[in-house]
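Heads up, work28.pdb below (PDB, C-alpha atoms, pLDDT in the B column):
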```
ATOM      1  CA  MET Y   1     138.639 -71.553 -28.237  1.00 62.00           C
ATOM      2  CA  LYS Y   2     139.400 -74.858 -29.914  1.00 65.00           C
ATOM      3  CA  SER Y   3     140.497 -77.564 -27.530  1.00 70.00           C
ATOM      4  CA  ILE Y   4     140.917 -80.831 -29.360  1.00 88.00           C
ATOM      5  CA  ILE Y   5     144.076 -82.836 -28.773  1.00 93.00           C
ATOM      6  CA  ASP Y   6     145.083 -85.508 -31.254  1.00 95.00           C
ATOM      7  CA  ILE Y   7     148.143 -87.679 -30.514  1.00 96.00           C
ATOM      8  CA  GLU Y   8     149.530 -90.367 -32.801  1.00 97.00           C
ATOM      9  CA  ILE Y   9     152.162 -92.853 -31.592  1.00 97.00           C
ATOM     10  CA  VAL Y  10     153.857 -95.637 -33.520  1.00 96.00           C
ATOM     11  CA  VAL Y  11     155.988 -98.109 -31.555  1.00 95.00           C
ATOM     12  CA  PRO Y  12     157.484-101.527 -32.281  1.00 93.00           C
ATOM     13  CA  ASN Y  13     155.377-104.501 -31.197  1.00 92.00           C
ATOM     14  CA  GLN Y  14     157.161-104.806 -27.820  1.00 93.00           C
ATOM     15  CA  THR Y  15     156.068-104.466 -24.194  1.00 95.00           C
ATOM     16  CA  ARG Y  16     158.991-102.206 -23.242  1.00 95.00           C
ATOM     17  CA  TYR Y  17     157.034 -99.164 -24.513  1.00 97.00           C
ATOM     18  CA  LEU Y  18     154.002 -99.746 -22.276  1.00 97.00           C
ATOM     19  CA  SER Y  19     155.180 -97.421 -19.527  1.00 97.00           C
ATOM     20  CA  MET Y  20     155.843 -94.578 -21.975  1.00 98.00           C
ATOM     21  CA  ILE Y  21     152.452 -94.972 -23.658  1.00 98.00           C
ATOM     22  CA  GLY Y  22     150.655 -95.126 -20.305  1.00 98.00           C
ATOM     23  CA  LYS Y  23     152.383 -91.925 -19.177  1.00 97.00           C
ATOM     24  CA  ILE Y  24     151.334 -90.120 -22.355  1.00 97.00           C
ATOM     25  CA  GLY Y  25     147.726 -90.948 -21.409  1.00 97.00           C
ATOM     26  CA  GLU Y  26     148.255 -89.685 -17.859  1.00 96.00           C
ATOM     27  CA  ASN Y  27     149.825 -86.444 -19.070  1.00 96.00           C
ATOM     28  CA  LEU Y  28     147.020 -85.871 -21.552  1.00 95.00           C
ATOM     29  CA  VAL Y  29     144.512 -85.689 -18.684  1.00 94.00           C
ATOM     30  CA  ARG Y  30     146.417 -82.716 -17.217  1.00 90.00           C
ATOM     31  CA  GLU Y  31     145.611 -80.764 -20.380  1.00 91.00           C
ATOM     32  CA  LEU Y  32     141.843 -81.322 -20.198  1.00 91.00           C
ATOM     33  CA  ASP Y  33     141.174 -77.881 -18.729  1.00 85.00           C
ATOM     34  CA  ARG Y  34     137.402 -78.216 -18.646  1.00 87.00           C
ATOM     35  CA  PHE Y  35     137.208 -81.693 -17.137  1.00 91.00           C
ATOM     36  CA  LYS Y  36     135.407 -81.388 -13.804  1.00 91.00           C
ATOM     37  CA  GLY Y  37     135.723 -84.969 -12.540  1.00 93.00           C
ATOM     38  CA  ASP Y  38     138.470 -86.775 -10.611  1.00 95.00           C
ATOM     39  CA  ARG Y  39     141.564 -86.012 -12.682  1.00 94.00           C
ATOM     40  CA  GLU Y  40     143.870 -88.414 -10.843  1.00 95.00           C
ATOM     41  CA  GLU Y  41     141.441 -91.281 -11.325  1.00 96.00           C
ATOM     42  CA  LEU Y  42     140.933 -90.532 -15.029  1.00 97.00           C
ATOM     43  CA  ALA Y  43     144.735 -90.345 -15.511  1.00 97.00           C
ATOM     44  CA  HIS Y  44     145.128 -93.768 -13.896  1.00 98.00           C
ATOM     45  CA  HIS Y  45     142.288 -95.224 -15.956  1.00 98.00           C
ATOM     46  CA  LEU Y  46     143.796 -93.985 -19.223  1.00 98.00           C
ATOM     47  CA  ASN Y  47     147.169 -95.459 -18.242  1.00 98.00           C
ATOM     48  CA  VAL Y  48     145.486 -98.815 -17.518  1.00 98.00           C
ATOM     49  CA  VAL Y  49     143.347 -98.817 -20.653  1.00 98.00           C
ATOM     50  CA  LEU Y  50     146.220 -97.864 -22.969  1.00 98.00           C
ATOM     51  CA  THR Y  51     148.410-100.526 -21.366  1.00 98.00           C
ATOM     52  CA  GLU Y  52     145.752-103.230 -21.724  1.00 96.00           C
ATOM     53  CA  ALA Y  53     144.856-102.256 -25.291  1.00 96.00           C
ATOM     54  CA  VAL Y  54     148.475-102.225 -26.450  1.00 96.00           C
ATOM     55  CA  VAL Y  55     149.284-105.528 -24.704  1.00 94.00           C
ATOM     56  CA  ASN Y  56     146.261-107.033 -26.371  1.00 91.00           C
ATOM     57  CA  ALA Y  57     147.504-105.918 -29.779  1.00 91.00           C
ATOM     58  CA  ILE Y  58     151.054-107.160 -29.096  1.00 91.00           C
ATOM     59  CA  LYS Y  59     150.103-110.599 -27.801  1.00 84.00           C
ATOM     60  CA  HIS Y  60     146.873-111.522 -29.495  1.00 77.00           C
ATOM     61  CA  ALA Y  61     146.622-109.554 -32.704  1.00 77.00           C
ATOM     62  CA  ASN Y  62     150.250-109.131 -33.790  1.00 78.00           C
ATOM     63  CA  ALA Y  63     151.152-112.564 -32.328  1.00 78.00           C
ATOM     64  CA  ALA Y  64     154.179-111.156 -30.447  1.00 72.00           C
ATOM     65  CA  ASP Y  65     156.091-110.510 -33.711  1.00 82.00           C
ATOM     66  CA  PRO Y  66     158.681-107.867 -32.622  1.00 80.00           C
ATOM     67  CA  ASN Y  67     159.127-106.639 -36.201  1.00 85.00           C
ATOM     68  CA  LYS Y  68     155.558-105.415 -36.489  1.00 87.00           C
ATOM     69  CA  ASP Y  69     154.405-101.975 -35.368  1.00 89.00           C
ATOM     70  CA  ILE Y  70     151.544-100.782 -33.251  1.00 93.00           C
ATOM     71  CA  GLN Y  71     149.856 -97.519 -34.052  1.00 95.00           C
ATOM     72  CA  ILE Y  72     147.978 -95.709 -31.326  1.00 97.00           C
ATOM     73  CA  ARG Y  73     145.796 -92.668 -31.810  1.00 97.00           C
ATOM     74  CA  ILE Y  74     144.384 -90.719 -28.883  1.00 97.00           C
ATOM     75  CA  SER Y  75     141.868 -87.923 -29.455  1.00 96.00           C
ATOM     76  CA  ALA Y  76     140.454 -85.823 -26.679  1.00 95.00           C
ATOM     77  CA  SER Y  77     137.788 -83.133 -26.787  1.00 92.00           C
ATOM     78  CA  ASP Y  78     135.699 -81.594 -24.027  1.00 88.00           C
ATOM     79  CA  GLN Y  79     133.080 -84.286 -24.569  1.00 92.00           C
ATOM     80  CA  GLU Y  80     135.035 -87.468 -25.162  1.00 95.00           C
ATOM     81  CA  ILE Y  81     138.315 -89.344 -25.207  1.00 97.00           C
ATOM     82  CA  CYS Y  82     138.761 -91.806 -28.058  1.00 97.00           C
ATOM     83  CA  ILE Y  83     141.623 -94.316 -28.171  1.00 98.00           C
ATOM     84  CA  LYS Y  84     142.332 -96.351 -31.296  1.00 97.00           C
ATOM     85  CA  VAL Y  85     144.927 -99.114 -31.287  1.00 96.00           C
ATOM     86  CA  TYR Y  86     145.725-100.497 -34.750  1.00 94.00           C
ATOM     87  CA  ASP Y  87     147.308-103.901 -35.308  1.00 89.00           C
ATOM     88  CA  SER Y  88     148.329-105.625 -38.513  1.00 84.00           C
ATOM     89  CA  GLY Y  89     147.775-109.185 -37.324  1.00 79.00           C
ATOM     90  CA  GLN Y  90     145.183-111.922 -37.358  1.00 77.00           C
ATOM     91  CA  GLY Y  91     143.016-110.203 -34.797  1.00 77.00           C
ATOM     92  CA  PHE Y  92     141.034-111.766 -31.986  1.00 76.00           C
ATOM     93  CA  ASP Y  93     137.431-112.345 -31.026  1.00 78.00           C
ATOM     94  CA  LEU Y  94     136.188-109.557 -28.774  1.00 79.00           C
ATOM     95  CA  THR Y  95     132.885-111.347 -28.215  1.00 76.00           C
ATOM     96  CA  SER Y  96     134.661-114.288 -26.555  1.00 73.00           C
ATOM     97  CA  VAL Y  97     135.570-112.077 -23.598  1.00 69.00           C
ATOM     98  CA  PRO Y  98     133.162-112.239 -20.655  1.00 65.00           C
ATOM     99  CA  ASP Y  99     130.952-109.259 -20.001  1.00 62.00           C
ATOM    100  CA  PRO Y 100     131.997-107.333 -16.862  1.00 57.00           C
ATOM    101  CA  SER Y 101     128.420-107.280 -15.657  1.00 55.00           C
ATOM    102  CA  PHE Y 102     128.606-111.047 -15.091  1.00 56.00           C
ATOM    103  CA  GLU Y 103     130.485-112.631 -12.242  1.00 58.00           C
ATOM    104  CA  THR Y 104     133.641-114.158 -13.741  1.00 62.00           C
ATOM    105  CA  ASP Y 105     135.898-116.708 -12.091  1.00 70.00           C
ATOM    106  CA  PRO Y 106     138.232-114.578  -9.967  1.00 71.00           C
ATOM    107  CA  LEU Y 107     140.973-117.199 -10.233  1.00 79.00           C
ATOM    108  CA  ASP Y 108     141.246-117.163 -14.021  1.00 76.00           C
ATOM    109  CA  GLU Y 109     144.794-116.118 -14.890  1.00 73.00           C
ATOM    110  CA  LYS Y 110     143.886-114.602 -18.256  1.00 74.00           C
ATOM    111  CA  GLY Y 111     141.096-112.626 -19.881  1.00 77.00           C
ATOM    112  CA  ARG Y 112     141.081-109.638 -17.537  1.00 88.00           C
ATOM    113  CA  GLY Y 113     142.480-107.106 -20.036  1.00 91.00           C
ATOM    114  CA  ILE Y 114     139.368-106.483 -22.132  1.00 90.00           C
ATOM    115  CA  PHE Y 115     137.212-106.886 -18.998  1.00 90.00           C
ATOM    116  CA  ILE Y 116     139.160-104.023 -17.396  1.00 94.00           C
ATOM    117  CA  ILE Y 117     138.873-101.823 -20.503  1.00 95.00           C
ATOM    118  CA  ARG Y 118     135.115-102.415 -20.700  1.00 93.00           C
ATOM    119  CA  SER Y 119     134.689-101.708 -17.010  1.00 93.00           C
ATOM    120  CA  LEU Y 120     136.552 -98.385 -17.081  1.00 96.00           C
ATOM    121  CA  MET Y 121     135.358 -97.004 -20.419  1.00 97.00           C
ATOM    122  CA  ASP Y 122     131.978 -96.443 -22.090  1.00 97.00           C
ATOM    123  CA  SER Y 123     132.342 -98.380 -25.331  1.00 96.00           C
ATOM    124  CA  VAL Y 124     134.741-100.890 -26.912  1.00 95.00           C
ATOM    125  CA  GLU Y 125     134.685-102.050 -30.526  1.00 94.00           C
ATOM    126  CA  TYR Y 126     137.088-104.180 -32.570  1.00 93.00           C
ATOM    127  CA  LYS Y 127     136.853-103.973 -36.328  1.00 91.00           C
ATOM    128  CA  LYS Y 128     138.717-104.364 -39.616  1.00 89.00           C
ATOM    129  CA  SER Y 129     140.748-101.402 -40.804  1.00 88.00           C
ATOM    130  CA  ASN Y 130     143.099-101.076 -43.803  1.00 83.00           C
ATOM    131  CA  GLY Y 131     144.154-104.705 -43.954  1.00 83.00           C
ATOM    132  CA  GLY Y 132     144.501-104.950 -40.177  1.00 87.00           C
ATOM    133  CA  ASN Y 133     142.252-104.275 -37.205  1.00 91.00           C
ATOM    134  CA  VAL Y 134     141.484-101.469 -34.817  1.00 95.00           C
ATOM    135  CA  LEU Y 135     140.405-101.593 -31.192  1.00 96.00           C
ATOM    136  CA  GLU Y 136     138.346 -98.453 -30.639  1.00 97.00           C
ATOM    137  CA  ILE Y 137     137.641 -97.333 -27.093  1.00 97.00           C
ATOM    138  CA  LYS Y 138     135.596 -94.324 -26.024  1.00 98.00           C
ATOM    139  CA  LYS Y 139     135.030 -92.542 -22.746  1.00 97.00           C
ATOM    140  CA  LYS Y 140     132.539 -89.704 -22.332  1.00 96.00           C
ATOM    141  CA  LEU Y 141     133.701 -86.748 -20.279  1.00 93.00           C
ATOM    142  CA  GLY Y 142     131.402 -84.621 -18.162  1.00 75.00           C
TER
ATOM    143  CA  MET I 143     163.345-106.567 -12.760  1.00 95.00           C
ATOM    144  CA  GLN I 144     164.285-105.290  -9.297  1.00 97.00           C
ATOM    145  CA  LEU I 145     163.224-107.552  -6.414  1.00 98.00           C
ATOM    146  CA  LYS I 146     164.500-107.755  -2.848  1.00 98.00           C
ATOM    147  CA  ILE I 147     164.001-111.157  -1.253  1.00 97.00           C
ATOM    148  CA  GLU I 148     164.239-111.775   2.500  1.00 97.00           C
ATOM    149  CA  GLU I 149     163.764-114.857   4.626  1.00 94.00           C
ATOM    150  CA  ASN I 150     161.656-114.547   7.728  1.00 94.00           C
ATOM    151  CA  GLY I 151     161.360-117.976   9.299  1.00 92.00           C
ATOM    152  CA  ALA I 152     159.353-120.120   6.900  1.00 93.00           C
ATOM    153  CA  VAL I 153     158.061-117.078   5.021  1.00 97.00           C
ATOM    154  CA  ARG I 154     159.835-115.627   2.012  1.00 97.00           C
ATOM    155  CA  VAL I 155     159.209-111.883   1.701  1.00 98.00           C
ATOM    156  CA  ILE I 156     159.509-110.535  -1.853  1.00 98.00           C
ATOM    157  CA  TYR I 157     159.688-106.749  -2.187  1.00 98.00           C
ATOM    158  CA  VAL I 158     158.813-105.620  -5.720  1.00 98.00           C
ATOM    159  CA  LYS I 159     161.110-102.657  -6.350  1.00 98.00           C
ATOM    160  CA  GLU I 160     159.405-101.517  -9.538  1.00 98.00           C
ATOM    161  CA  GLU I 161     156.978 -98.682 -10.272  1.00 98.00           C
ATOM    162  CA  ARG I 162     155.010-100.937 -12.615  1.00 98.00           C
ATOM    163  CA  LEU I 163     154.049-104.610 -12.463  1.00 98.00           C
ATOM    164  CA  ASP I 164     152.795-105.132 -16.003  1.00 98.00           C
ATOM    165  CA  ALA I 165     153.064-107.254 -19.151  1.00 96.00           C
ATOM    166  CA  HIS I 166     156.666-106.114 -19.574  1.00 97.00           C
ATOM    167  CA  ASN I 167     158.009-107.654 -16.353  1.00 97.00           C
ATOM    168  CA  SER I 168     155.282-110.120 -15.301  1.00 97.00           C
ATOM    169  CA  ASP I 169     156.906-113.144 -17.001  1.00 96.00           C
ATOM    170  CA  GLU I 170     160.149-112.492 -15.134  1.00 98.00           C
ATOM    171  CA  PHE I 171     158.233-112.120 -11.876  1.00 98.00           C
ATOM    172  CA  LYS I 172     156.354-115.356 -12.513  1.00 98.00           C
ATOM    173  CA  ALA I 173     159.660-117.162 -13.122  1.00 98.00           C
ATOM    174  CA  GLU I 174     160.967-115.890  -9.761  1.00 97.00           C
ATOM    175  CA  LEU I 175     157.822-117.020  -7.928  1.00 98.00           C
ATOM    176  CA  ASN I 176     158.144-120.443  -9.558  1.00 97.00           C
ATOM    177  CA  ARG I 177     161.809-120.619  -8.483  1.00 97.00           C
ATOM    178  CA  GLN I 178     160.734-119.969  -4.895  1.00 97.00           C
ATOM    179  CA  PHE I 179     158.114-122.715  -4.996  1.00 97.00           C
ATOM    180  CA  GLU I 180     160.488-125.170  -6.644  1.00 97.00           C
ATOM    181  CA  SER I 181     163.109-124.494  -3.955  1.00 96.00           C
ATOM    182  CA  GLY I 182     160.564-125.734  -1.395  1.00 95.00           C
ATOM    183  CA  MET I 183     159.098-122.432  -0.171  1.00 96.00           C
ATOM    184  CA  LYS I 184     155.330-122.442   0.164  1.00 95.00           C
ATOM    185  CA  ASP I 185     154.537-119.250   2.071  1.00 97.00           C
ATOM    186  CA  LEU I 186     155.252-116.087   0.104  1.00 98.00           C
ATOM    187  CA  LEU I 187     154.546-112.510   1.102  1.00 98.00           C
ATOM    188  CA  ILE I 188     154.654-110.022  -1.758  1.00 98.00           C
ATOM    189  CA  ASP I 189     155.211-106.395  -0.737  1.00 98.00           C
ATOM    190  CA  LEU I 190     153.904-103.924  -3.321  1.00 98.00           C
ATOM    191  CA  LYS I 191     154.799-100.689  -1.502  1.00 98.00           C
ATOM    192  CA  GLU I 192     156.770 -99.320  -4.464  1.00 98.00           C
ATOM    193  CA  VAL I 193     154.327-100.467  -7.141  1.00 98.00           C
ATOM    194  CA  ARG I 194     152.231 -97.564  -8.376  1.00 98.00           C
ATOM    195  CA  PHE I 195     150.682 -99.386 -11.336  1.00 98.00           C
ATOM    196  CA  ILE I 196     149.469-102.928 -11.987  1.00 98.00           C
ATOM    197  CA  ASP I 197     147.784-104.314 -15.119  1.00 97.00           C
ATOM    198  CA  SER I 198     145.940-107.556 -15.900  1.00 95.00           C
ATOM    199  CA  SER I 199     149.228-109.378 -16.552  1.00 95.00           C
ATOM    200  CA  GLY I 200     150.572-108.361 -13.132  1.00 97.00           C
ATOM    201  CA  LEU I 201     147.321-109.458 -11.484  1.00 96.00           C
ATOM    202  CA  GLY I 202     147.455-112.728 -13.444  1.00 95.00           C
ATOM    203  CA  VAL I 203     150.910-113.574 -12.080  1.00 96.00           C
ATOM    204  CA  LEU I 204     149.762-112.971  -8.506  1.00 97.00           C
ATOM    205  CA  VAL I 205     146.751-115.235  -9.129  1.00 96.00           C
ATOM    206  CA  SER I 206     149.055-117.888 -10.574  1.00 96.00           C
ATOM    207  CA  GLY I 207     151.283-117.648  -7.479  1.00 97.00           C
ATOM    208  CA  PHE I 208     148.252-117.798  -5.200  1.00 97.00           C
ATOM    209  CA  LYS I 209     147.040-121.008  -6.850  1.00 96.00           C
ATOM    210  CA  ASN I 210     150.537-122.502  -6.815  1.00 96.00           C
ATOM    211  CA  ALA I 211     150.925-121.752  -3.093  1.00 97.00           C
ATOM    212  CA  SER I 212     147.464-123.132  -2.295  1.00 97.00           C
ATOM    213  CA  ALA I 213     148.236-126.347  -4.191  1.00 96.00           C
ATOM    214  CA  ARG I 214     151.246-126.779  -1.873  1.00 97.00           C
ATOM    215  CA  GLN I 215     149.164-126.072   1.258  1.00 97.00           C
ATOM    216  CA  GLY I 216     150.964-122.745   1.496  1.00 97.00           C
ATOM    217  CA  SER I 217     149.884-119.146   0.982  1.00 97.00           C
ATOM    218  CA  LEU I 218     150.597-116.050  -1.027  1.00 98.00           C
ATOM    219  CA  LYS I 219     149.765-112.858   0.845  1.00 98.00           C
ATOM    220  CA  LEU I 220     150.142-109.193  -0.110  1.00 98.00           C
ATOM    221  CA  SER I 221     151.146-106.047   1.745  1.00 98.00           C
ATOM    222  CA  GLU I 222     151.226-102.243   1.289  1.00 98.00           C
ATOM    223  CA  LEU I 223     148.990-101.739  -1.734  1.00 98.00           C
ATOM    224  CA  GLN I 224     148.929 -98.193  -3.072  1.00 98.00           C
ATOM    225  CA  ASN I 225     145.467 -96.786  -3.800  1.00 97.00           C
ATOM    226  CA  GLN I 226     145.606 -97.235  -7.582  1.00 97.00           C
ATOM    227  CA  VAL I 227     146.806-100.808  -7.198  1.00 98.00           C
ATOM    228  CA  LYS I 228     144.087-101.509  -4.637  1.00 98.00           C
ATOM    229  CA  SER I 229     141.478-100.129  -7.046  1.00 97.00           C
ATOM    230  CA  MET I 230     142.520-102.713  -9.651  1.00 97.00           C
ATOM    231  CA  PHE I 231     142.070-105.540  -7.131  1.00 96.00           C
ATOM    232  CA  GLU I 232     138.613-104.194  -6.357  1.00 95.00           C
ATOM    233  CA  LEU I 233     137.650-103.795 -10.015  1.00 94.00           C
ATOM    234  CA  THR I 234     138.568-107.424 -10.737  1.00 92.00           C
ATOM    235  CA  ARG I 235     137.169-108.591  -7.366  1.00 91.00           C
ATOM    236  CA  LEU I 236     140.545-110.065  -6.454  1.00 93.00           C
ATOM    237  CA  HIS I 237     140.499-108.237  -3.103  1.00 94.00           C
ATOM    238  CA  ARG I 238     138.146-111.031  -2.002  1.00 93.00           C
ATOM    239  CA  VAL I 239     140.701-113.665  -2.948  1.00 94.00           C
ATOM    240  CA  PHE I 240     143.942-112.407  -1.395  1.00 97.00           C
ATOM    241  CA  ASP I 241     144.847-111.693   2.222  1.00 98.00           C
ATOM    242  CA  ILE I 242     145.981-108.070   1.994  1.00 98.00           C
ATOM    243  CA  PHE I 243     147.823-106.352   4.877  1.00 98.00           C
ATOM    244  CA  GLN I 244     148.761-102.750   5.611  1.00 98.00           C
ATOM    245  CA  THR I 245     152.388-103.559   6.419  1.00 98.00           C
ATOM    246  CA  VAL I 246     154.886-106.410   6.112  1.00 98.00           C
ATOM    247  CA  ASP I 247     154.937-106.695   9.925  1.00 97.00           C
ATOM    248  CA  ASP I 248     151.135-107.060  10.067  1.00 98.00           C
ATOM    249  CA  ALA I 249     151.306-109.759   7.414  1.00 97.00           C
ATOM    250  CA  LEU I 250     154.106-111.657   9.181  1.00 97.00           C
ATOM    251  CA  LYS I 251     152.047-111.742  12.409  1.00 96.00           C
ATOM    252  CA  SER I 252     149.291-113.575  10.528  1.00 96.00           C
ATOM    253  CA  TYR I 253     151.321-116.732   9.953  1.00 91.00           C
TER
END
```

Would you mind giving the structure from this file in structure tokens?
Amino acid sequence: MKSIIDIEIVVPNQTRYLSMIGKIGENLVRELDRFKGDREELAHHLNVVLTEAVVNAIKHANAADPNKDIQIRISASDQEICIKVYDSGQGFDLTSVPDPSFETDPLDEKGRGIFIIRSLMDSVEYKKSNGGNVLEIKKKLG
Amino acid sequence: MQLKIEENGAVRVIYVKEERLDAHNSDEFKAELNRQFESGMKDLLIDLKEVRFIDSSGLGVLVSGFKNASARQGSLKLSELQNQVKSMFELTRLHRVFDIFQTVDDALKSY
């Protein structure tokens, strides 16, 4: 039986939609019938990662312009969850973010978003896409 | 943003009455913390009992408050972290930075 879920969300470039987007990620985990791991933890992690990825697009890539849109695509199969967050802005430099395997200054006020995504997921890439950019995040399941 | 603020001697207790402390409300929360410091308070206790979710922006505001309090020879302490919130402190190693208490009463005894 086929069990691939593909969700596409388009919201204005505003933080008020973060809670809704995070909850969509949490609810998605309930539908992963064959996932054997800690469901509650995965639901929380998806909520966090979606929140961080969308905030990153709003603030850094779309430069907080409330008239722009953010497009989010979440695909889940038995093997993998893939999150893509598209922005239409100037983008940002993913390589400037410290690697989570290194000890960072715990009292920095910024720069934790991508660190958190990298820590909770298996791969993070940021690349050009159709005149804008896409942050592509993957997590292996099972 | 829903906050309940109580005075307890020299300590100001701020109860965050929100399910999420994230990029949507963190600027407003930071402004309130700054108001407290500017009014002369230097010991703040933030109760997170009702907060189920925190992101990097929420953590960043608490760090900012912690540094602000320290610069004034005061303190910013935390109480009643839910498990998911606690896991974010551990992931970012901030649990080593903050004094974190089980209850508001436990925290108040530490002053």

query = Mind listing as a PyMOL selection string which residues of chain Y are within 6 Å of chain I, counting only C-alpha atoms?
reply = chain Y and resi 15-16+109+112-113

inquiry  = Using only C-alpha atoms, which protein or nucleic acid residues come within 12 Å of Glu149 in chain I? Drop anything in the same chain fewer than 5 positions from it, and give the result as a VMD selection string.
reply    = chain I and resid 154 to 157 178 183 185 to 187 250

request  = Step by step, work through what the PyMOL selection byres ((chain I and resi 182) around 12) selects in the shown file, and finish by giving those residues as JSON, numbers by chain.
outcome  = {"I": [152, 153, 154, 175, 176, 177, 178, 179, 180, 181, 183, 184, 185, 186, 210, 211, 214, 215, 216]}

Hits from the PyMOL selection byres ((chain Y and resi 27-44) around 9), listed as a list in words =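 Applying the PyMOL selection byres ((chain Y and resi 27-44) around 9) to the structure shown produces Ser3, Ile5, Gly22, Lys23, Ile24, Gly25, Glu26, His45, Leu46, Asn47, Val48, Val49, Ala76, Ser77, Asp78, Gln79, Leu141 and Gly142 of chain Y; Phe195 and Gln226 of chain I.
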
Include C-alpha atoms and write out the residues we just selected as a tab-separated table (two decimals), in the frame of the given file.
```
chain	number	residue	atom	x	y	z
Y	3	SER	CA	140.50	-77.56	-27.53
Y	5	ILE	CA	144.08	-82.84	-28.77
Y	22	GLY	CA	150.66	-95.13	-20.30
Y	23	LYS	CA	152.38	-91.92	-19.18
Y	24	ILE	CA	151.33	-90.12	-22.36
Y	25	GLY	CA	147.73	-90.95	-21.41
Y	26	GLU	CA	148.26	-89.68	-17.86
Y	45	HIS	CA	142.29	-95.22	-15.96
Y	46	LEU	CA	143.80	-93.98	-19.22
Y	47	ASN	CA	147.17	-95.46	-18.24
Y	48	VAL	CA	145.49	-98.82	-17.52
Y	49	VAL	CA	143.35	-98.82	-20.65
Y	76	ALA	CA	140.45	-85.82	-26.68
Y	77	SER	CA	137.79	-83.13	-26.79
Y	78	ASP	CA	135.70	-81.59	-24.03
Y	79	GLN	CA	133.08	-84.29	-24.57
Y	141	LEU	CA	133.70	-86.75	-20.28
Y	142	GLY	CA	131.40	-84.62	-18.16
I	195	PHE	CA	150.68	-99.39	-11.34
I	226	GLN	CA	145.61	-97.24	-7.58
```

ask   = Do you have the CA of Lys110 in chain Y-CA of Thr95 in chain Y distance handy?
value =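 About the pair CA of Lys110 in chain Y and CA of Thr95 in chain Y: they are 15.2 Å apart.
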
request  = Dump as a list in words all residues having an atom at most 12 Å from (136.5, -92.6, -29.2), computed in the file's coordinates with all atoms listed in the file.
outcome  =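 Returned residue set, sorted by chain then number, is Asp6, Arg73, Ile74, Ser75, Ala76, Ser77, Gln79, Glu80, Ile81, Cys82, Ile83, Lys84, Val85, Met121, Asp122, Ser123, Val124, Glu125, Val134, Leu135, Glu136, Ile137, Lys138, Lys139, Lys140 and Leu141 of chain Y.
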
ask   = How many Å lie between CA of Gly131 in chain Y and CA of Asp69 in chain Y, rounded to one decimal?
value =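 Calculated distance between CA of Gly131 in chain Y and CA of Asp69 in chain Y is 13.6 Å.
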
Where atoms are absent from range 214-225 of chain I, fill them in so it carries N, CA and C atoms, then output it as a compact mmCIF listing (two decimals), keeping the file's coordinate frame.
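Written file, out.txt:
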```txt
# COMPACT_ATOMS: atom_id res chain seq x y z
N ARG I 214 150.19 -126.23 -2.75
CA ARG I 214 151.25 -126.78 -1.87
C ARG I 214 150.90 -126.61 -0.39
N GLN I 215 149.63 -126.35 -0.12
CA GLN I 215 149.16 -126.07 1.26
C GLN I 215 149.90 -124.87 1.87
N GLY I 216 150.32 -123.96 1.01
CA GLY I 216 150.96 -122.74 1.50
C GLY I 216 150.07 -121.55 1.26
N SER I 217 150.69 -120.35 1.18
CA SER I 217 149.88 -119.15 0.98
C SER I 217 150.70 -118.09 0.24
N LEU I 218 149.97 -117.23 -0.45
CA LEU I 218 150.60 -116.05 -1.03
C LEU I 218 149.79 -114.86 -0.54
N LYS I 219 150.45 -114.02 0.28
CA LYS I 219 149.76 -112.86 0.84
C LYS I 219 150.40 -111.58 0.30
N LEU I 220 149.69 -110.47 0.46
CA LEU I 220 150.14 -109.19 -0.11
C LEU I 220 150.19 -108.12 0.97
N SER I 221 151.13 -107.18 0.81
CA SER I 221 151.15 -106.05 1.74
C SER I 221 151.41 -104.73 1.02
N GLU I 222 150.95 -103.63 1.68
CA GLU I 222 151.23 -102.24 1.29
C GLU I 222 150.79 -101.90 -0.14
N LEU I 223 149.50 -102.10 -0.40
CA LEU I 223 148.99 -101.74 -1.73
C LEU I 223 148.72 -100.24 -1.82
N GLN I 224 149.27 -99.59 -2.83
CA GLN I 224 148.93 -98.19 -3.07
C GLN I 224 147.48 -98.11 -3.59
N ASN I 225 146.89 -96.92 -3.48
CA ASN I 225 145.47 -96.79 -3.80
C ASN I 225 145.11 -97.25 -5.21
```
